[in-house]
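What's in query_36.tsv: TSV, C-alpha atoms
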```
chain	number	residue	atom	x	y	z
A	1	MET	CA	147.55	195.34	157.30
A	2	PRO	CA	144.52	193.06	156.82
A	3	GLU	CA	143.56	190.88	159.73
A	4	LYS	CA	144.73	187.25	159.42
A	5	HIS	CA	141.88	184.89	158.64
A	6	ASP	CA	141.56	181.90	160.98
A	7	LEU	CA	140.41	178.71	159.27
A	8	THR	CA	137.15	177.26	160.47
A	9	ALA	CA	137.06	173.72	161.86
A	10	TRP	CA	135.46	172.55	158.62
A	11	GLU	CA	138.13	174.23	156.46
A	12	ARG	CA	140.90	172.58	158.49
A	13	PHE	CA	139.16	169.22	158.27
A	14	ALA	CA	138.56	169.56	154.51
A	15	ALA	CA	142.18	170.56	153.86
A	16	LYS	CA	143.53	167.51	155.70
A	17	MET	CA	141.18	165.11	153.93
A	18	THR	CA	141.98	166.65	150.55
A	19	ALA	CA	145.69	166.25	151.26
A	20	LEU	CA	145.04	162.51	151.56
A	21	GLY	CA	143.32	162.54	148.19
A	22	LEU	CA	139.85	162.11	149.73
A	23	ASP	CA	136.56	163.94	149.28
A	24	PRO	CA	135.82	165.73	152.59
A	25	LEU	CA	132.12	164.92	152.08
A	26	GLY	CA	132.93	161.20	152.22
A	27	PRO	CA	132.36	158.33	152.27
A	28	TYR	CA	135.75	157.63	153.80
A	29	VAL	CA	138.12	154.71	153.34
A	30	GLY	CA	137.81	151.23	154.84
A	31	GLU	CA	140.20	149.51	157.21
A	32	ASP	CA	142.04	147.81	154.38
A	33	ASP	CA	143.11	151.20	152.97
A	34	THR	CA	146.58	152.47	153.92
A	35	ARG	CA	145.05	155.86	154.79
A	36	PHE	CA	142.58	154.44	157.31
A	37	ASP	CA	144.56	155.30	160.47
A	38	ALA	CA	145.27	158.82	159.22
A	39	VAL	CA	141.58	159.37	158.48
A	40	GLN	CA	140.56	158.10	161.92
A	41	ALA	CA	143.05	160.47	163.53
A	42	ILE	CA	141.63	163.42	161.57
A	43	LEU	CA	138.09	162.46	162.50
A	44	ALA	CA	139.01	162.14	166.17
A	45	GLU	CA	140.82	165.50	166.15
A	46	SER	CA	137.96	167.31	164.44
A	47	GLY	CA	135.25	165.65	166.46
A	48	SER	CA	133.75	164.23	163.25
A	49	PRO	CA	132.33	167.45	161.77
A	50	GLN	CA	129.57	165.54	159.98
A	51	PRO	CA	127.24	162.86	161.34
A	52	PRO	CA	128.14	159.33	160.23
A	53	LEU	CA	126.29	157.82	157.30
A	54	PRO	CA	124.61	154.42	157.61
A	55	PRO	CA	127.29	151.69	157.41
A	56	HIS	CA	128.52	150.77	153.94
A	57	TRP	CA	126.97	153.80	152.20
A	58	GLU	CA	127.79	153.89	148.50
A	59	GLY	CA	128.52	156.96	146.39
A	60	ARG	CA	128.52	160.60	147.38
A	61	ARG	CA	127.29	161.86	150.69
A	62	PRO	CA	123.89	163.62	150.59
A	63	VAL	CA	124.54	167.34	150.84
A	64	ASP	CA	122.03	168.10	153.61
A	65	TYR	CA	122.12	164.82	155.51
A	66	ASP	CA	121.97	165.62	159.24
A	67	GLY	CA	122.20	162.17	160.81
A	68	SER	CA	118.45	161.66	161.11
A	69	LEU	CA	115.76	159.65	159.41
A	70	GLU	CA	114.37	162.99	158.21
A	71	GLY	CA	117.71	163.44	156.44
A	72	ILE	CA	117.21	160.10	154.68
A	73	ASP	CA	113.69	161.23	153.77
A	74	ARG	CA	114.97	164.46	152.20
A	75	TRP	CA	117.67	162.62	150.27
A	76	LEU	CA	115.27	159.97	148.98
A	77	ASP	CA	112.77	162.67	147.96
A	78	PHE	CA	115.55	164.48	146.07
A	79	GLU	CA	116.55	161.30	144.23
A	80	TRP	CA	112.91	160.62	143.34
A	81	ARG	CA	112.49	164.15	141.96
A	82	GLN	CA	115.63	163.68	139.87
A	83	ILE	CA	114.04	160.62	138.28
A	84	ILE	CA	110.86	162.56	137.49
A	85	ALA	CA	112.93	165.42	136.05
A	86	HIS	CA	114.65	163.01	133.67
A	87	ASP	CA	111.24	161.75	132.54
A	88	ILE	CA	109.82	165.23	131.96
A	89	PHE	CA	112.95	166.76	130.44
A	90	PRO	CA	114.73	164.14	128.28
A	91	GLY	CA	117.50	166.65	127.64
A	92	ALA	CA	118.51	166.34	131.29
A	93	GLY	CA	120.30	163.10	130.45
A	94	GLN	CA	119.75	159.37	130.79
A	95	THR	CA	118.91	157.95	134.20
A	96	SER	CA	121.55	155.39	135.21
A	97	LEU	CA	120.22	151.99	136.25
A	98	ALA	CA	123.40	151.44	138.28
A	99	HIS	CA	122.76	154.67	140.21
A	100	LEU	CA	119.13	153.78	140.88
A	101	ASN	CA	120.15	150.40	142.30
A	102	GLU	CA	122.72	152.21	144.45
A	103	VAL	CA	119.96	154.50	145.76
A	104	ILE	CA	117.84	151.45	146.62
A	105	ARG	CA	120.70	149.76	148.50
A	106	ASN	CA	121.47	152.95	150.41
A	107	ALA	CA	117.80	153.44	151.31
A	108	TYR	CA	117.63	149.97	152.89
A	109	ARG	CA	120.85	150.73	154.79
A	110	GLY	CA	119.21	153.88	156.11
A	111	LEU	CA	116.10	151.98	157.21
A	112	ALA	CA	118.23	149.37	158.99
A	113	TYR	CA	120.48	152.00	160.60
A	114	PHE	CA	117.51	153.85	162.11
A	115	GLN	CA	115.79	150.58	163.05
A	116	VAL	CA	112.63	151.28	161.06
A	117	LEU	CA	110.03	148.63	161.77
A	118	ASP	CA	108.23	146.82	158.93
A	119	PRO	CA	110.34	148.11	156.02
A	120	PRO	CA	109.34	147.14	152.45
A	121	LYS	CA	110.38	143.61	151.56
A	122	ARG	CA	113.75	143.59	149.85
A	123	ALA	CA	113.38	142.82	146.14
A	124	ALA	CA	115.96	141.44	143.75
A	125	ARG	CA	118.31	143.86	142.01
A	126	ALA	CA	116.34	145.85	139.44
A	127	SER	CA	117.25	144.91	135.88
A	128	GLU	CA	115.15	147.68	134.32
A	129	ILE	CA	114.89	151.39	135.07
A	130	ALA	CA	111.09	151.19	135.38
A	131	VAL	CA	111.42	148.49	138.07
A	132	ALA	CA	114.03	150.52	139.98
A	133	LYS	CA	111.77	153.59	139.90
A	134	GLU	CA	108.92	151.59	141.38
A	135	GLN	CA	111.13	150.26	144.18
A	136	ILE	CA	112.33	153.77	145.01
A	137	THR	CA	108.73	155.01	145.02
A	138	VAL	CA	107.79	152.30	147.54
A	139	LEU	CA	110.77	153.16	149.77
A	140	ARG	CA	110.00	156.88	149.58
A	141	LYS	CA	106.37	156.30	150.58
A	142	CYS	CA	107.48	154.11	153.49
A	143	VAL	CA	109.84	156.75	154.91
A	144	GLN	CA	107.40	159.61	154.38
A	145	SER	CA	104.59	157.69	156.07
A	146	LYS	CA	106.85	157.24	159.09
A	147	MET	CA	107.60	160.96	159.13
A	148	LYS	CA	103.92	161.95	158.84
A	149	SER	CA	102.97	159.62	161.70
A	150	GLY	CA	105.51	161.30	163.98
A	151	TRP	CA	107.51	158.09	164.27
A	152	ARG	CA	110.90	158.18	165.98
A	153	SER	CA	113.53	155.48	166.06
A	154	PRO	CA	114.34	153.77	169.39
A	155	THR	CA	117.38	156.07	169.55
A	156	THR	CA	115.37	159.24	168.81
A	157	ASP	CA	116.98	159.53	165.39
A	158	GLN	CA	120.44	159.96	166.91
A	159	PRO	CA	121.67	156.37	166.65
A	160	LYS	CA	124.79	155.27	168.47
A	161	GLU	CA	127.63	153.70	166.55
A	162	GLY	CA	126.37	150.36	167.79
A	163	ILE	CA	123.26	148.90	169.39
A	164	ILE	CA	124.95	145.94	171.08
A	165	GLU	CA	127.66	146.26	173.72
A	166	ILE	CA	130.15	143.44	174.22
A	167	ALA	CA	133.56	143.13	175.83
A	168	ARG	CA	134.91	140.70	173.22
A	169	TRP	CA	133.66	139.43	169.89
A	170	SER	CA	133.74	135.92	171.32
A	171	ASP	CA	130.93	136.99	173.68
A	172	LEU	CA	128.59	137.47	170.73
A	173	GLY	CA	126.24	134.81	169.39
A	174	ILE	CA	124.14	135.51	166.30
A	175	GLY	CA	121.04	133.37	165.88
A	176	ILE	CA	119.41	132.98	162.47
A	177	GLY	CA	115.65	133.12	162.69
A	178	ALA	CA	113.08	132.63	159.95
A	179	GLU	CA	113.08	136.34	159.08
A	180	GLU	CA	115.32	138.03	161.65
A	181	TYR	CA	118.75	137.70	163.22
A	182	TYR	CA	119.07	137.71	166.99
A	183	THR	CA	122.13	138.53	169.08
A	184	PHE	CA	122.81	136.91	172.43
A	185	THR	CA	125.51	137.77	174.91
A	186	PRO	CA	127.16	135.90	176.45
A	187	CYS	CA	127.15	133.55	173.49
A	188	PRO	CA	124.99	130.46	174.19
A	189	GLU	CA	126.43	126.99	173.86
A	190	ASN	CA	125.42	124.87	170.88
A	191	GLY	CA	122.00	123.39	171.70
A	192	GLU	CA	121.35	125.77	174.62
A	193	LYS	CA	117.79	126.94	175.25
A	194	VAL	CA	117.32	130.69	174.66
A	195	LYS	CA	114.56	133.26	175.06
A	196	LEU	CA	114.05	135.65	172.16
A	197	LYS	CA	113.21	138.46	174.61
A	198	ASP	CA	116.78	138.15	175.92
A	199	GLY	CA	118.20	138.76	172.44
A	200	ILE	CA	118.41	141.90	170.32
A	201	ALA	CA	117.19	141.90	166.73
A	202	LEU	CA	120.08	142.69	164.42
A	203	PRO	CA	119.01	144.68	161.31
A	204	LEU	CA	121.27	143.06	158.73
A	205	VAL	CA	119.92	143.65	155.23
A	206	GLY	CA	120.42	141.65	152.04
A	207	ASP	CA	121.15	138.18	150.72
A	208	ARG	CA	124.89	138.51	151.36
A	209	TRP	CA	124.35	138.38	155.11
A	210	ARG	CA	121.95	135.45	154.90
A	211	ASN	CA	124.35	133.44	152.72
A	212	VAL	CA	127.45	134.10	154.84
A	213	LEU	CA	125.72	133.47	158.17
A	214	GLU	CA	124.11	130.26	156.89
A	215	TYR	CA	127.53	128.81	156.03
A	216	LEU	CA	128.89	129.83	159.44
A	217	ALA	CA	125.90	128.37	161.27
A	218	LEU	CA	126.23	125.00	159.58
A	219	SER	CA	129.96	124.65	160.33
A	220	HIS	CA	131.23	122.49	163.17
A	221	ASP	CA	132.21	125.49	165.30
A	222	GLY	CA	129.74	128.10	164.05
A	223	LYS	CA	132.66	130.27	162.95
A	224	THR	CA	134.04	128.79	159.71
A	225	ALA	CA	133.02	129.26	156.06
A	226	ALA	CA	134.98	127.89	153.11
A	227	LYS	CA	136.05	130.52	150.59
A	228	ALA	CA	135.11	128.24	147.70
A	229	ASP	CA	131.55	127.94	149.04
A	230	LEU	CA	131.24	131.69	149.59
A	231	VAL	CA	132.57	132.50	146.12
A	232	GLN	CA	130.14	130.11	144.49
A	233	LYS	CA	127.22	131.55	146.47
A	234	LEU	CA	128.10	135.25	146.43
A	235	HIS	CA	130.14	135.65	143.24
A	236	PRO	CA	129.69	132.48	141.16
A	237	ILE	CA	132.22	131.72	138.42
A	238	ASN	CA	130.76	130.65	135.10
A	239	ARG	CA	132.84	127.76	133.78
A	240	GLY	CA	130.92	127.51	130.53
A	241	GLU	CA	131.05	124.01	129.04
A	242	ILE	CA	134.29	122.80	130.64
A	243	SER	CA	134.42	120.42	133.57
A	244	GLU	CA	135.65	121.31	137.05
A	245	GLU	CA	138.84	119.29	136.40
A	246	GLN	CA	139.52	121.21	133.17
A	247	ALA	CA	138.86	124.51	134.92
A	248	VAL	CA	141.81	123.90	137.25
A	249	PHE	CA	144.23	124.07	134.31
A	250	ASP	CA	142.45	126.74	132.28
A	251	GLU	CA	144.26	130.12	132.49
A	252	GLY	CA	141.07	132.05	131.88
A	253	MET	CA	139.36	130.25	134.72
A	254	GLN	CA	142.31	130.88	137.01
A	255	GLU	CA	142.03	134.60	136.27
A	256	LYS	CA	138.28	134.51	136.95
A	257	ALA	CA	138.91	132.69	140.23
A	258	LYS	CA	141.50	135.27	141.26
A	259	LYS	CA	139.09	138.12	140.57
A	260	ALA	CA	136.29	136.31	142.40
A	261	LEU	CA	138.48	135.90	145.50
A	262	THR	CA	139.37	139.61	145.39
A	263	THR	CA	135.68	140.47	145.16
A	264	LEU	CA	134.96	138.10	148.05
A	265	ARG	CA	137.65	139.76	150.17
A	266	ASN	CA	136.04	143.15	149.53
A	267	THR	CA	132.61	141.73	150.36
A	268	MET	CA	133.76	140.27	153.68
A	269	SER	CA	135.49	143.53	154.54
A	270	ASP	CA	132.28	145.42	153.77
A	271	LEU	CA	130.21	143.09	155.93
A	272	GLY	CA	132.70	143.41	158.78
A	273	ARG	CA	132.46	147.21	158.67
A	274	GLU	CA	128.67	147.03	158.56
A	275	LEU	CA	128.54	144.73	161.59
A	276	ARG	CA	130.84	147.03	163.55
A	277	GLY	CA	128.26	149.76	162.94
A	278	PHE	CA	125.83	147.82	165.15
A	279	VAL	CA	128.27	146.52	167.78
A	280	GLU	CA	130.15	148.49	170.41
A	281	THR	CA	133.33	146.82	171.64
A	282	GLU	CA	136.90	147.71	172.46
A	283	ASP	CA	137.99	144.39	170.99
A	284	THR	CA	140.14	145.22	167.93
A	285	THR	CA	139.82	141.71	166.48
A	286	PRO	CA	138.29	141.92	162.97
A	287	PRO	CA	134.82	140.32	162.73
A	288	PHE	CA	136.03	138.22	159.77
A	289	ARG	CA	139.56	137.13	158.97
A	290	SER	CA	141.02	135.05	156.19
A	291	ASN	CA	142.69	131.79	157.22
A	292	GLY	CA	143.95	129.73	154.30
A	293	ASP	CA	140.96	128.30	152.44
A	294	ASN	CA	138.44	129.61	154.97
A	295	TYR	CA	137.03	132.73	156.53
A	296	LEU	CA	136.82	132.66	160.31
A	297	ALA	CA	134.31	134.75	162.27
A	298	ALA	CA	135.25	136.21	165.66
A	299	PHE	CA	131.70	135.47	166.88
A	300	THR	CA	129.52	132.35	166.74
A	301	THR	CA	126.50	131.81	164.50
A	302	ARG	CA	123.81	129.17	164.89
A	303	HIS	CA	120.18	128.76	163.95
A	304	VAL	CA	117.38	129.63	166.36
A	305	ILE	CA	115.23	126.48	166.26
A	306	ARG	CA	111.77	126.22	167.78
A	307	ASP	CA	110.59	122.84	169.10
A	308	SER	CA	107.05	121.46	169.29
A	309	ASP	CA	106.60	122.92	172.79
A	310	GLY	CA	107.40	126.45	171.63
A	311	ASN	CA	110.91	126.55	173.15
A	312	PHE	CA	113.79	128.11	171.20
A	313	PHE	CA	117.28	126.62	170.97
A	314	PHE	CA	120.55	128.10	169.71
A	315	ARG	CA	121.98	125.20	167.75
A	316	ARG	CA	123.35	123.84	164.55
A	317	ALA	CA	120.43	122.96	162.25
```
For the file at hand, write its structure as C-alpha cells.
Amino acid sequence: MPEKHDLTAWERFAAKMTALGLDPLGPYVGEDDTRFDAVQAILAESGSPQPPLPPHWEGRRPVDYDGSLEGIDRWLDFEWRQIIAHDIFPGAGQTSLAHLNEVIRNAYRGLAYFQVLDPPKRAARASEIAVAKEQITVLRKCVQSKMKSGWRSPTTDQPKEGIIEIARWSDLGIGIGAEEYYTFTPCPENGEKVKLKDGIALPLVGDRWRNVLEYLALSHDGKTAAKADLVQKLHPINRGEISEEQAVFDEGMQEKAKKALTTLRNTMSDLGRELRGFVETEDTTPPFRSNGDNYLAAFTTRHVIRDSDGNFFFRRA
C-alpha cells in the first residue's frame, strides 16, 4: 500500500485560500470583505507563508518576491524587460497602459514601504505608453542604483508591519510639512510647539493622501472631512452644462453621485489599510469612519508651521 502523502504547509494554505475563492498568491481581501476574518485566521494559523507585500499592492503578486527591496528590484526589472519584449516582438501583444500605470503605483509603494530616501518625484498618471515607459525606467534606475551602492533600509530590508507604535489612534498626530508628513505621539495640542527631530517621517505617497489630510487639517478638530469636498477633490463629478440646483433633481447626476460615493468609500478604506501598514497598535478603531455627511479620522492632523524664528508649531493653518 503506497505511503500516505502529507500536505506541505503551503499546500494546506493554498487549499484553504482557494476554498474561499481567493488566489493563494494574493493580494488578499480588505477589511470590508466578508471573508476578511477567515483570511486573517488562515494567515495566523499558517504563519503567513509569504512575506507581506507593500500596503495597497495592486494586481498579482510577483512570483519571486521575498519581502526585500531586492525583490522589488527583480520585479521591476522583469516588468521593464516585458516592455522591451513587446517593442522588439510586436507579436507578443499590446502593452497595456493601465498595467504600466499599475506598475508605477506599485513601485512607489515599494519605495515607501522600504523607506527609500530621495525617490524619484511622483509624476502625474501617464496618459501615453511612451510616458509610462520612461517613468518605469527612472524608477528601475533608482532602485538598481540603491542596490549597487549596497544601500539597506533602516529595517535591513525586513520591515515591520508598522514603523510607529501607539497605544491608541487618538495618541497619533500627523503634521503636514512642505514635502513630508510627520507623526507625533502623544498628539500635540493645536498651536503647540514641536521639534521635527521628535517626529517620525511618514512615507505616504500620492495626491490622495495630500488631499485628504489637507481637509482634515483645516477642520475645527483636525479630524473631520466632508464627503462632498472629498468627492469633488478625489473623484469629481462632471455636471456638464447644468447648474448645481438642476443636478439635485437630475437622475443621471444622482447615479453619478452614488457611484462617486462608492468610489470614495473604497478610497478611504484603501488609505486606512495603507496607514495601518505603517502604524503598530492594538486599537481596533478604524483610521477612518463614515459619519453621516463626513469622514472622521481616529487621529488628528494639523499643519507643521515654521515661524520667523525657526520654531515649528503643530496647528491649524
Legend entry - Shortest interatomic distance to A:Glu189 - which of A:Arg315, A:Arg35, A:Ala225, A:Val103, counting all atoms listed in the file: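 Ranked by minimum distance to A:Glu189, first place goes to A:Arg315.
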Inset, instruction - Excluding A:Trp209 and any residue of its chain fewer than 4 positions from it, enumerate the residues within 12 Å of it, using all atoms listed in the file, and give them as an NGL selection string. - result: :A and (174 or 176 or 180-181 or 202-205 or 213-217 or 230 or 233-234 or 267-268 or 270-272 or 274-275 or 301)
Inset, instruction - Can you work out the spacing between atom CA of A:Ala257 and atom CA of A:Asn211 in Å, to one decimal? - result: 19.2 Å
Inset, instruction - Go through A:Asn266, A:Asn311, A:Asn106, A:Ser219 and flag the residue nearest A:Ala297, using only C-alpha atoms for the distances. - result: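 Under the stated criterion, the closest residue is A:Ser219.
Note that the spacing between atom CA of A:Ala14 and atom CA of A:Ile72 amounts to 23.4 Å.
For the residues A:Asp229, A:Glu192, A:Asp221, A:Glu280, ranking by smallest atom-to-atom distance to A:Arg306 using all atoms listed in the file places A:Glu192 first.
Our summary of the geometry notes that atom CA of A:Gly191 is positioned 21.8 Å from atom CA of A:Ile166.
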